[in-house]
Number of protein chains: 2
Amino acid sequence: MKIQSQIKINQYRSQSGFIRKYQQLIKNEVLPYQYNVLNDNADGAEKSHVIQNFINAANVLKGKDKGDGFYGMVFQDSDAAKWIEAAAYSLSRFPDKELEERVDGLIEIIASAQDEGGYLNTGFTVKDKEKRWSNLLEAHELYCSGHFMEAAAAYYEATGKDRLLKVMLKNAEHIYNVFINGKHEGYPGHPEVELALLRLYGVSGNKHCYELAEHFLNVRGVDRDFYKKEAKARNWTVWGNNGADLMYQQSHAPVREQSDAVGHSVRAVYLYTAMADYASLSNDEKMIEACKRLWRSITQKRMYITGGIGSTGIGEAFTVDYDLPNDTAYAESCASVGLMMFASRMLELEPRGEYADVMENAFYNTVLAGMSLDGKRFFYVNPLEVIPGVSGIASTHIHNRPERAGWYACACCPPNIARAISSFGKYAYGESEAACFCHLFAAGEVSFNNGVLLICETGYPYEFTVKYNIKKGGKTLAIRIPAWSSEFGLFRNGQKAEFTLKDGYAYLNSVQDGDEIILTLDDKAKFVYPSSKIPENTGCAAVMRGPLVYCFEGIDNNEDVLSLRIDDSREISVSEYNERLLGGTAALSVQGARVSGQKSLYCLEKPEEKAVNLTAVPYYAWGNRGLGEMRVWMPLSSK
Amino acid sequence: MKIQSQIKINQYRSQSGFIRKYQQLIKNEVLPYQYNVLNDNADGAEKSHVIQNFINAANVLKGKDKGDGFYGMVFQDSDAAKWIEAAAYSLSRFPDKELEERVDGLIEIIASAQDEGGYLNTGFTVKDKEKRWSNLLEAHELYCSGHFMEAAAAYYEATGKDRLLKVMLKNAEHIYNVFINGKHEGYPGHPEVELALLRLYGVSGNKHCYELAEHFLNVRGVDRDFYKKEAKARNWTVWGNNGADLMYQQSHAPVREQSDAVGHSVRAVYLYTAMADYASLSNDEKMIEACKRLWRSITQKRMYITGGIGSTGIGEAFTVDYDLPNDTAYAESCASVGLMMFASRMLELEPRGEYADVMENAFYNTVLAGMSLDGKRFFYVNPLEVIPGVSGIASTHIHNRPERAGWYACACCPPNIARAISSFGKYAYGESEAACFCHLFAAGEVSFNNGVLLICETGYPYEFTVKYNIKKGGKTLAIRIPAWSSEFGLFRNGQKAEFTLKDGYAYLNSVQDGDEIILTLDDKAKFVYPSSKIPENTGCAAVMRGPLVYCFEGIDNNEDVLSLRIDDSREISVSEYNERLLGGTAALSVQGARVSGQKSLYCLEKPEEKAVNLTAVPYYAWGNRGLGEMRVWMPLSSK
């Protein structure tokens with residue numbers, strides 16, 4: 001049973017501060033740019049052809065000419081879905097007639113590309129109709145459907161319009177016919193449709209959606225030879241994926257028996273998100289335990305300090321416990337969005353602060369780092385160390401681009417980042433009949449379905465006071481106390497508040513109309529130490545303030561970051577918030593040293609250490625001032 | 001012009017100490033075991049079939065049945081060649097009738113597999129005769145010929161027997177006909193034949209060998225499309241190598257224009273060896289400059305402290321400057337043998353201590369580490385950090401086996417290590433008309449062609465006094481002073497010797513019959529610091545004593561190496577030489593600390609540092625006591 005649930009998108013309206021600024025950026029820059037990309041109107045972007053694919057598919061269905069056919073990846077359709085989803089969330093905050101018309105127009109085009117039976121996928125409509133459902137391993141038909149289901153749910157939630165919802169319910173029914181009634185033995189190579197079906201179930205109550213999600217979860221990894229048999233039965237392939245590499249797509253074991261987070265990290269967290277959602281809906285004890293094991297595997301052994309996951313570009317995947325290389329990390333932006341989704345679903349199962357801590361960490365560090373401050377360039381891969389001349393160049397570092405790129409043919413991350421930002425309120429606030437949950441700190445108005453109405457004011461993550469003005473009360477207010485804030489204050493109408501602290505949440509009973517609740521968090525910048533089981537980070541420390549991981553960039557540190565050391569016996573000083581630095585930030589000043597004097601590759605003379613002050617800036621803002629070195633983990637000064 | 005040249009194999013006879021012990025190991029263990037492997041008589045080894053391939057090829061030439069055909073890699077033949085070469089060197093020191101008969105027998109079998117025209121390669125004789133010389137990129141025909149040429153030269157030098165020499169001169173003539181007279185435009189995908197032809201020229205004076213080597217060097221990288229055209233003209237492939245990846249086989253530029261050491265590291269140093277040999281024979285200024293540039297590229301920017309080269313398993317290759325990861329290193333044993341060869345040829349061009357320093361470093365660390373102390377198990381890959389559970393398991397660390405294996409289907413390294421050890425004298429001593437060069441310190445009798453006879457006595461690399469008893473004098477004695485020994489003493493008959501120090505060599509004029517020259521070197525263990533341009537090693541130091549790099553193994557340090565730090569402000573103490581430890585060694589005791597107390601993957605509490613003494617053992621001896629952690633570079637204790 002869900003202890004509490006995400007609020008619906010229009011229950012939260014950002015009003016000021018950090019989140020609103022980012023949501024405005026999505027509205028003003030990202031959504032228009034991405035719309036142009038989908039329409040092949042964006043300068044400098046790789047060809048997309050997404051909308052044309054739908055037009056061509058619709059023409060084929062009408063018996064007309066297929067025009068210039070299908071172009072792009074097998075998952076090209078999903079770019080349109082993710083754009084609609086992000087636009088939907090944005091519309092709920094920023095009404096925009098032109099944008100809404102664009103969405104409606106696009107939905108009509110999409111609807112016209114759905115065939116009578118409910119099938120919807122342009123690649124297998126414009127051509128290769130006979131190949132439908134014959135390559136679950138690679139062909140991403142269910143993945144694309146999943147993204148449209150998410151978009152449909154989001155647009156319905158945001159606007160009340162059900163055109164796309166109906167299209168996708170029809171599509172779900174088609175899938176139900178193929179896989180349940182038609183007894184197709186396959187299951188998705190790229191998990192996504194499971195979480196999407198549950199989302200569709202959430203807004204529509206359609207039982208077939210629930211059953212179908214349950215079915216895909218139940219059959220996954222049971223017939224371990226399915227993909228091999230599938231490959232044998234067809235004479236075509238997309239990328240030549242090896243169906244025997246079961247871990248890659250998490251089909252190595254039935255999901256209730258999985259323990260280690262393995263394989264392609266985006267696939268993994270999309271799957272775990274569905275598992276957690278299903279677990280709370282069904283009270284399936286084995287599923288709940290599996291979710292907890294997988295959560296622990298990620299967060300206790302396989303996650304970067306930035307909330308990034310996926311240690312290698314080989315398969316964009318998890319590797320083994322404690323293998324967390326900084327320079328060759330994959331840490332895909334999409335994977336951290338998925339980790340936020342998994343965390344959010346775990347919170348619905350049990351409101352424990354650790355889930356929200358990770359969700360917040362992934363958002364403020366890896367997800368935001370995935371996009372440039374102007375919203376125009378993106379990272380798919382988020383390493384914790386970048387060295388020009390190595391990163392993006394050495395064969396082992398090809399995926400570690402040292403600078404963000406404008407758009408990729410495989411455009412998964414930009415819209416994923418957009419939807420995470422524009423739906424931030426759903427991650428930040430949750431509710432049950434009896435209580436309101438403040439998981440993350442986001443300024444704005446929240447109108448809970450249980451009747452509570454509050455306004456949150458905060459300059460977080462740069463100010464550490466969060467004020468909740470209760471406009472309408474009557475229920476419990478549960479406010480998360482982050483693990484990084486060992487000290488905090490909680491006040492109610494100027495007095496120390498009475499509260500119960502449980503699992504990282506402070507519960508204030510029965511808040512009343514007019515109450516002013518103030519939370520103060522630890523505003524000190526701190527050194528963070530890695531487990532010594534992480535080989536890559538021994539002898540190093542990182543620096544955080546609040547949820548923000550900081551990093552050292554060349555531009556602030558005389559270009560040469562590799563020769564720097566930090567002295568963790570000295571306090572870190574926080575600069576005044578500077579509106580003009582990196583879109584508004586507070587840099588940190590860390591005392592340390594610069595080593596010099598090494599005359600050769602290896603030398604016997606001890607390098608000189610000269611005391612210097614180092615400047616650190618938030619990791620999410622790195623790489624916005626040209627090419628340079630960057631490092632999160634910094635060696636400690638030696639004795 | 002060669003300033004000095006390697007001595008011939010039978011001019012040096014190891015008599016005692018470290019080198020003799022290793023040469024005995026080759027004779028007693030490695031050569032018999034490898035012979036059994038070649039004959040498919042070795043328990044637990046992967047199938048070799050090498051000798052049977054020759055027998056089958058001979059039968060085909062006689063018009064008989066091909067039996068069970070050809071089995072193995074395209075370079076399978078070369079295993080026999082490398083074994084003969086190592087055996088030849090060993091026989092010069094340890095006469096052994098049975099071994100010599102085995103070699104002679106094997107040579108007869110090989111000779112019988114050479115066709116009338118001189119062609120020699122079992123794969124393209126047993127089958128696919130029409131494919132000869134059609135896949136220079138991959139098929140290793142010239143590579144195999146090269147190894148037989150080296151073997152022929154070695155066996156002739158060691159025993160005076162010229163049966164194999166004649167076979168290979170005939171083979172060289174065949175190649176001359178194909179490539180020079182026949183104007184075949186190709187050049188070797190895997191350099192090797194160039195250095196071998198020059199070696200053959202050295203023992204035979206055959207001008208065609210010299211011209212052919214010169215030809216292959218001259219055409220390499222000139223027609224940059226050759227491999228692409230070749231691939232187009234044939235309809236078969238060995239591994240599907242991409243002919244357009246020019247750097248992989250160093251065909252990206254004419255050799256005289258190459259600057260950075262790139263591509264497959266074994267191919268690279270084999271090529272550079274030939275270039276250096278040719279440069280000194282021809283006085284080709286551009287070639288000399290290219291060799292020096294490539295040498296600097298390796299030793300100043302792309303070499304591990306252990307003399308290992310090749311930073312990645314992707315193509316077993318160099319990557320970019322200063323990219324020297326410890327855990328995912330390739331650092332192939334063969335590449336360090338090749339680096340010794342390159343260094344030795346550079347010494348012939350100009351006797352500079354830096355060449356001998358690197359040659360010694362590669363030998364005492366990576367080459368020796370490639371073999372277990374009992375001579376029965378081998379490493380191809382020599383990482384500087386091994387963590388069980390990650391090494392050999394994570395997809396990025398698959399090649400980094402944490403324990404040596406018995407034998408591989410691709411058996412390049414074991415015989416390469418064997419020949420390096422059994423020919424150590426050729427690396428250690430050189431001569432010119434006027435001088436005797438002591439590049440490396442190796443106990444034994446050396447009989448120079450210029451008339452000098454000396455006996456060297458030393459317990460090096462564990463004792464740091466080297467005594468030269470001059471039995472017959474009359475020439476200059478040039479003794480290398482290693483760069484790591486900033487302090488040294490040089491004595492002649494009990495008095496401080498007069499000498500000239502130039503480029504790392506102490507030149508003693510006209511040593512006389514009966515002279516006793518004593519060199520004392522710095523015996524202190526020292527910390528070594530990396531250039532801060534190496535991202536992987538920042539904040540760390542390593543420990544060396546003499547030429548030996550030390551490492552920290554779990555078995556000596558309570559299993560947990562990752563939590564250790566070293567304190568470089570304290571002296572390192574050297575344990576007494578222990579005959580029973582790791583085949584005889586002196587361990588080091590380094591003061592430092594163990595950190596503990598991290599309760600989670602990342603934590604805010606500073607870990608506790610408790611002072612401990614760390615034990616270090618020579619890197620060459622690591623991994624001989626079961627599975628455990630190992631680390632060369634160790635973080636320094638923090639303030």
# chains A, B, ... in the order shown; residues from 1 in each chain; ligands from 1
>>> residues_around(residues="range 121-134 of chain A", least_positions_apart="6", cutoff="8 Å", atoms="only C-alpha atoms", output="list in words")
Asn53, Phe54, Asn56, Ala57, Val60, Leu61, Lys66, Gly69, Phe70, Tyr71, Val74, Asp77, Ala113, Gln114, Glu141, Cys144, Ser145, Glu230 and Arg234 of chain A
>>> write_last_selection(atoms="all heavy atoms", output="short mmCIF file (atom, residue, chain, number, x, y, z; two decimals), in the first residue's frame")
data_model
loop_
_atom_site.label_atom_id
_atom_site.label_comp_id
_atom_site.auth_asym_id
_atom_site.auth_seq_id
_atom_site.Cartn_x
_atom_site.Cartn_y
_atom_site.Cartn_z
N ASN A 53 8.34 11.41 -39.48
CA ASN A 53 8.10 9.96 -39.39
C ASN A 53 6.63 9.67 -39.12
O ASN A 53 6.04 8.77 -39.72
CB ASN A 53 8.93 9.34 -38.25
CG ASN A 53 10.41 9.18 -38.62
OD1 ASN A 53 10.77 9.16 -39.80
ND2 ASN A 53 11.26 9.07 -37.62
N PHE A 54 6.05 10.45 -38.20
CA PHE A 54 4.62 10.24 -37.90
C PHE A 54 3.75 10.58 -39.09
O PHE A 54 2.79 9.86 -39.41
CB PHE A 54 4.21 11.07 -36.67
CG PHE A 54 4.65 10.44 -35.38
CD1 PHE A 54 5.81 10.84 -34.74
CD2 PHE A 54 3.91 9.41 -34.81
CE1 PHE A 54 6.22 10.24 -33.56
CE2 PHE A 54 4.31 8.80 -33.64
CZ PHE A 54 5.47 9.22 -33.00
N ASN A 56 4.58 10.49 -42.22
CA ASN A 56 4.74 9.45 -43.25
C ASN A 56 3.99 8.17 -42.86
O ASN A 56 3.41 7.49 -43.72
CB ASN A 56 6.23 9.16 -43.47
CG ASN A 56 6.94 10.35 -44.09
OD1 ASN A 56 6.29 11.30 -44.55
ND2 ASN A 56 8.27 10.33 -44.09
N ALA A 57 4.05 7.85 -41.57
CA ALA A 57 3.34 6.64 -41.13
C ALA A 57 1.83 6.80 -41.32
O ALA A 57 1.14 5.87 -41.76
CB ALA A 57 3.67 6.35 -39.66
N VAL A 60 0.98 6.24 -44.87
CA VAL A 60 0.98 4.82 -45.20
C VAL A 60 -0.33 4.17 -44.75
O VAL A 60 -0.94 3.39 -45.50
CB VAL A 60 2.21 4.11 -44.56
CG1 VAL A 60 2.07 2.59 -44.64
CG2 VAL A 60 3.51 4.57 -45.24
N LEU A 61 -0.78 4.53 -43.55
CA LEU A 61 -2.04 3.95 -43.06
C LEU A 61 -3.23 4.35 -43.94
O LEU A 61 -4.18 3.58 -44.10
CB LEU A 61 -2.30 4.39 -41.62
CG LEU A 61 -1.36 3.82 -40.56
CD1 LEU A 61 -1.71 4.37 -39.19
CD2 LEU A 61 -1.43 2.29 -40.53
N LYS A 66 4.61 6.76 -48.82
CA LYS A 66 5.31 6.88 -47.54
C LYS A 66 6.30 8.05 -47.52
O LYS A 66 7.02 8.25 -46.54
CB LYS A 66 6.03 5.58 -47.20
CG LYS A 66 7.20 5.28 -48.13
CD LYS A 66 7.95 4.02 -47.69
CE LYS A 66 9.09 3.74 -48.67
NZ LYS A 66 9.93 2.62 -48.27
N GLY A 69 9.94 8.21 -46.04
CA GLY A 69 10.09 7.03 -45.19
C GLY A 69 10.45 7.32 -43.75
O GLY A 69 10.21 8.42 -43.24
N PHE A 70 10.98 6.32 -43.12
CA PHE A 70 11.37 6.44 -41.71
C PHE A 70 12.85 6.77 -41.62
O PHE A 70 13.66 6.23 -42.36
CB PHE A 70 11.09 5.12 -40.99
CG PHE A 70 11.57 5.11 -39.56
CD1 PHE A 70 10.81 5.68 -38.54
CD2 PHE A 70 12.81 4.57 -39.22
CE1 PHE A 70 11.25 5.68 -37.22
CE2 PHE A 70 13.28 4.58 -37.91
CZ PHE A 70 12.50 5.14 -36.91
N TYR A 71 13.17 7.65 -40.69
CA TYR A 71 14.57 7.97 -40.46
C TYR A 71 14.84 7.97 -38.96
O TYR A 71 14.03 8.48 -38.18
CB TYR A 71 14.92 9.34 -41.02
CG TYR A 71 16.30 9.82 -40.62
CD1 TYR A 71 17.43 9.48 -41.39
CD2 TYR A 71 16.49 10.55 -39.45
CE1 TYR A 71 18.69 9.88 -41.00
CE2 TYR A 71 17.76 10.95 -39.06
CZ TYR A 71 18.86 10.62 -39.84
OH TYR A 71 20.11 11.00 -39.44
N VAL A 74 15.66 3.21 -33.69
CA VAL A 74 14.39 2.49 -33.47
C VAL A 74 13.55 3.16 -32.40
O VAL A 74 12.35 2.94 -32.32
CB VAL A 74 14.62 1.01 -33.05
CG1 VAL A 74 15.02 0.17 -34.24
CG2 VAL A 74 15.60 0.88 -31.91
N ASP A 77 10.72 7.72 -32.20
CA ASP A 77 9.39 8.20 -31.81
C ASP A 77 9.39 8.79 -30.40
O ASP A 77 8.67 9.76 -30.11
CB ASP A 77 8.36 7.06 -31.83
CG ASP A 77 7.98 6.63 -33.24
OD1 ASP A 77 8.54 7.18 -34.21
OD2 ASP A 77 7.13 5.72 -33.36
N ALA A 113 -1.12 8.34 -36.79
CA ALA A 113 -0.16 7.29 -37.15
C ALA A 113 -0.44 5.99 -36.41
O ALA A 113 0.32 5.03 -36.52
CB ALA A 113 1.26 7.77 -36.87
N GLN A 114 -1.52 5.98 -35.62
CA GLN A 114 -1.90 4.74 -34.92
C GLN A 114 -2.79 3.92 -35.83
O GLN A 114 -3.75 4.44 -36.41
CB GLN A 114 -2.65 5.07 -33.63
CG GLN A 114 -3.07 3.83 -32.82
CD GLN A 114 -3.67 4.19 -31.48
OE1 GLN A 114 -4.45 5.15 -31.38
NE2 GLN A 114 -3.30 3.46 -30.44
N GLU A 141 9.82 -1.18 -29.41
CA GLU A 141 8.41 -0.83 -29.63
C GLU A 141 7.72 -0.56 -28.29
O GLU A 141 6.98 0.41 -28.16
CB GLU A 141 7.69 -1.97 -30.37
CG GLU A 141 8.14 -2.14 -31.81
CD GLU A 141 7.83 -3.54 -32.31
OE1 GLU A 141 8.59 -4.47 -31.99
OE2 GLU A 141 6.81 -3.69 -33.01
N CYS A 144 8.92 2.77 -26.73
CA CYS A 144 8.29 3.96 -27.30
C CYS A 144 6.85 4.10 -26.80
O CYS A 144 6.41 5.18 -26.43
CB CYS A 144 8.33 3.91 -28.83
SG CYS A 144 9.99 4.14 -29.49
N SER A 145 6.13 2.96 -26.80
CA SER A 145 4.77 3.02 -26.26
C SER A 145 4.79 3.55 -24.84
O SER A 145 3.97 4.38 -24.45
CB SER A 145 4.14 1.62 -26.27
OG SER A 145 3.70 1.29 -27.57
N GLU A 230 14.29 -15.87 -29.60
CA GLU A 230 13.76 -14.80 -30.44
C GLU A 230 14.73 -14.49 -31.58
O GLU A 230 14.33 -14.34 -32.74
CB GLU A 230 13.52 -13.55 -29.60
CG GLU A 230 12.87 -12.43 -30.38
CD GLU A 230 12.92 -11.09 -29.64
OE1 GLU A 230 14.05 -10.59 -29.37
OE2 GLU A 230 11.86 -10.53 -29.33
N ARG A 234 14.22 -14.85 -35.96
CA ARG A 234 14.17 -13.73 -36.90
C ARG A 234 15.49 -13.68 -37.69
O ARG A 234 16.49 -14.21 -37.27
CB ARG A 234 13.94 -12.41 -36.16
CG ARG A 234 15.04 -12.02 -35.19
CD ARG A 234 14.83 -10.65 -34.58
NE ARG A 234 15.31 -10.58 -33.20
CZ ARG A 234 16.56 -10.36 -32.83
NH1 ARG A 234 17.52 -10.20 -33.72
NH2 ARG A 234 16.91 -10.31 -31.54
#
>>> closest_atom_pairs(of="chain B", to="chain A", cutoff="6 Å", atoms="only C-alpha atoms", output="Markdown table")
| residue | atom | partner | partner_atom | distance |
| --- | --- | --- | --- | --- |
| B:Gln300 | CA | A:Leu601 | CA | 5.6 |
| B:Thr319 | CA | A:Ala394 | CA | 5.3 |
| B:Val320 | CA | A:Ala394 | CA | 5.9 |
| B:Ala394 | CA | A:Thr319 | CA | 5.3 |
| B:Val528 | CA | A:Leu604 | CA | 4.8 |
| B:Tyr529 | CA | A:Cys603 | CA | 5.3 |
| B:Pro530 | CA | A:Tyr602 | CA | 4.5 |
| B:Ser531 | CA | A:Leu601 | CA | 4.9 |
| B:Ser532 | CA | A:Ser563 | CA | 5.4 |
| B:Gly539 | CA | A:Pro635 | CA | 5.3 |
| B:Leu562 | CA | A:Ser532 | CA | 5.9 |
| B:Ser563 | CA | A:Ser532 | CA | 5.4 |
| B:Gln598 | CA | A:Ser531 | CA | 5.5 |
| B:Leu601 | CA | A:Ser531 | CA | 4.9 |
| B:Tyr602 | CA | A:Pro530 | CA | 4.5 |
| B:Cys603 | CA | A:Tyr529 | CA | 5.3 |
| B:Leu604 | CA | A:Val528 | CA | 4.8 |
| B:Pro635 | CA | A:Gly539 | CA | 5.3 |
| B:Leu636 | CA | A:Ser638 | CA | 5.7 |
| B:Ser637 | CA | A:Ser638 | CA | 5.5 |
| B:Ser638 | CA | A:Ser638 | CA | 4.3 |
| B:Lys639 | CA | A:Lys639 | CA | 4.3 |
>>> closest_atom_pairs(of="range 109-190 of chain A", to="range 244-253 of chain A", cutoff="9 Å", atoms="only C-alpha atoms", output="tab-separated table")
residue	atom	partner	partner_atom	distance
A:Leu137	CA	A:Gln249	CA	8.4
A:Pro188	CA	A:Gln249	CA	8.7
A:Gly189	CA	A:Gln249	CA	5.9
A:His190	CA	A:Gln249	CA	6.5
>>> write_last_selection(atoms="C-alpha atoms", output="mmCIF file, in the first residue's frame")
data_model
loop_
_atom_site.group_PDB
_atom_site.id
_atom_site.type_symbol
_atom_site.label_atom_id
_atom_site.label_comp_id
_atom_site.auth_asym_id
_atom_site.auth_seq_id
_atom_site.Cartn_x
_atom_site.Cartn_y
_atom_site.Cartn_z
ATOM 1 C CA LEU A 137 15.393 -7.398 -27.394
ATOM 2 C CA PRO A 188 10.771 -5.637 -23.097
ATOM 3 C CA GLY A 189 14.486 -5.469 -23.904
ATOM 4 C CA HIS A 190 14.463 -1.931 -22.569
#
>>> atom_distance(atom1="CA of Glu185 in chain A", atom2="CA of Ile110 in chain A")
27.9 Å
>>> residues_around(residues="range 209-226 of chain A", least_positions_apart="3", cutoff="9 Å", atoms="only C-alpha atoms", output="number ranges by chain")
A: 169, 172-173, 175-176, 179-180, 185-188, 193-202, 205-206, 229-231, 243-244, 246, 250-256, 271, 274-275, 278
>>> closest_residue(among="B:Ser92, B:Asn59, B:Ser282, B:Thr520", to="Gly459 in chain B", atoms="only C-alpha atoms")
B:Thr520
>>> atom_distance(atom1="CA of Gly63 in chain A", atom2="CA of Ile51 in chain A")
18.7 Å
>>> select_by_dssp(residues="range 474-611 of chain B", states="strand (DSSP E)", output="JSON, numbers by chain")
{"B": [476, 477, 478, 479, 480, 488, 489, 490, 491, 492, 495, 496, 500, 501, 502, 505, 506, 507, 508, 516, 517, 518, 519, 520, 521, 525, 526, 527, 528, 529, 530, 540, 541, 542, 543, 544, 545, 548, 549, 550, 551, 552, 553, 564, 565, 566, 573, 574, 588, 589, 590, 591, 592, 593, 594, 595, 596, 602, 603, 608, 609, 610, 611]}
>>> residues_around(residues="Gly489 in chain A", least_positions_apart="5", cutoff="12 Å", atoms="only C-alpha atoms", output="ChimeraX atom specification")
/A:464-467,479,481,494-499,506,517-523
>>> residues_around(residues="Ile3 in chain B", least_positions_apart="3", cutoff="9 Å", atoms="only C-alpha atoms", output="PyMOL selection string")
chain B and resi 280+347-351+431-432
>>> residues_around(residues="Thr306 in chain A", least_positions_apart="4", cutoff="9 Å", atoms="only C-alpha atoms", output="list of chain:residue names")
A:Ala331, A:Asn361, A:Ala362, A:Phe363, A:Tyr364, A:Asn365, A:Thr366, A:Leu384, A:Leu548, A:Val549, A:Tyr619
>>> write_last_selection(atoms="C-alpha atoms", output="short mmCIF file (atom, residue, chain, number, x, y, z; two decimals), in the first residue's frame")
data_model
loop_
_atom_site.label_atom_id
_atom_site.label_comp_id
_atom_site.auth_asym_id
_atom_site.auth_seq_id
_atom_site.Cartn_x
_atom_site.Cartn_y
_atom_site.Cartn_z
CA ALA A 331 26.84 8.31 -15.03
CA ASN A 361 21.48 14.40 -4.77
CA ALA A 362 20.83 12.96 -8.22
CA PHE A 363 18.80 16.00 -9.20
CA TYR A 364 21.04 18.82 -7.95
CA ASN A 365 24.20 17.24 -9.25
CA THR A 366 24.02 14.80 -12.17
CA LEU A 384 33.70 13.35 -12.03
CA LEU A 548 25.47 20.42 -3.82
CA VAL A 549 28.65 18.57 -4.66
CA TYR A 619 29.35 20.41 -10.01
#
>>> atom_distance(atom1="CA of Ala443 in chain B", atom2="CA of Ser573 in chain B")
26.1 Å
>>> select_by_dssp(residues="range 63-130 of chain B", states="alpha helix (DSSP H)", output="PyMOL selection string")
chain B and resi 77-93+97-112+123-126
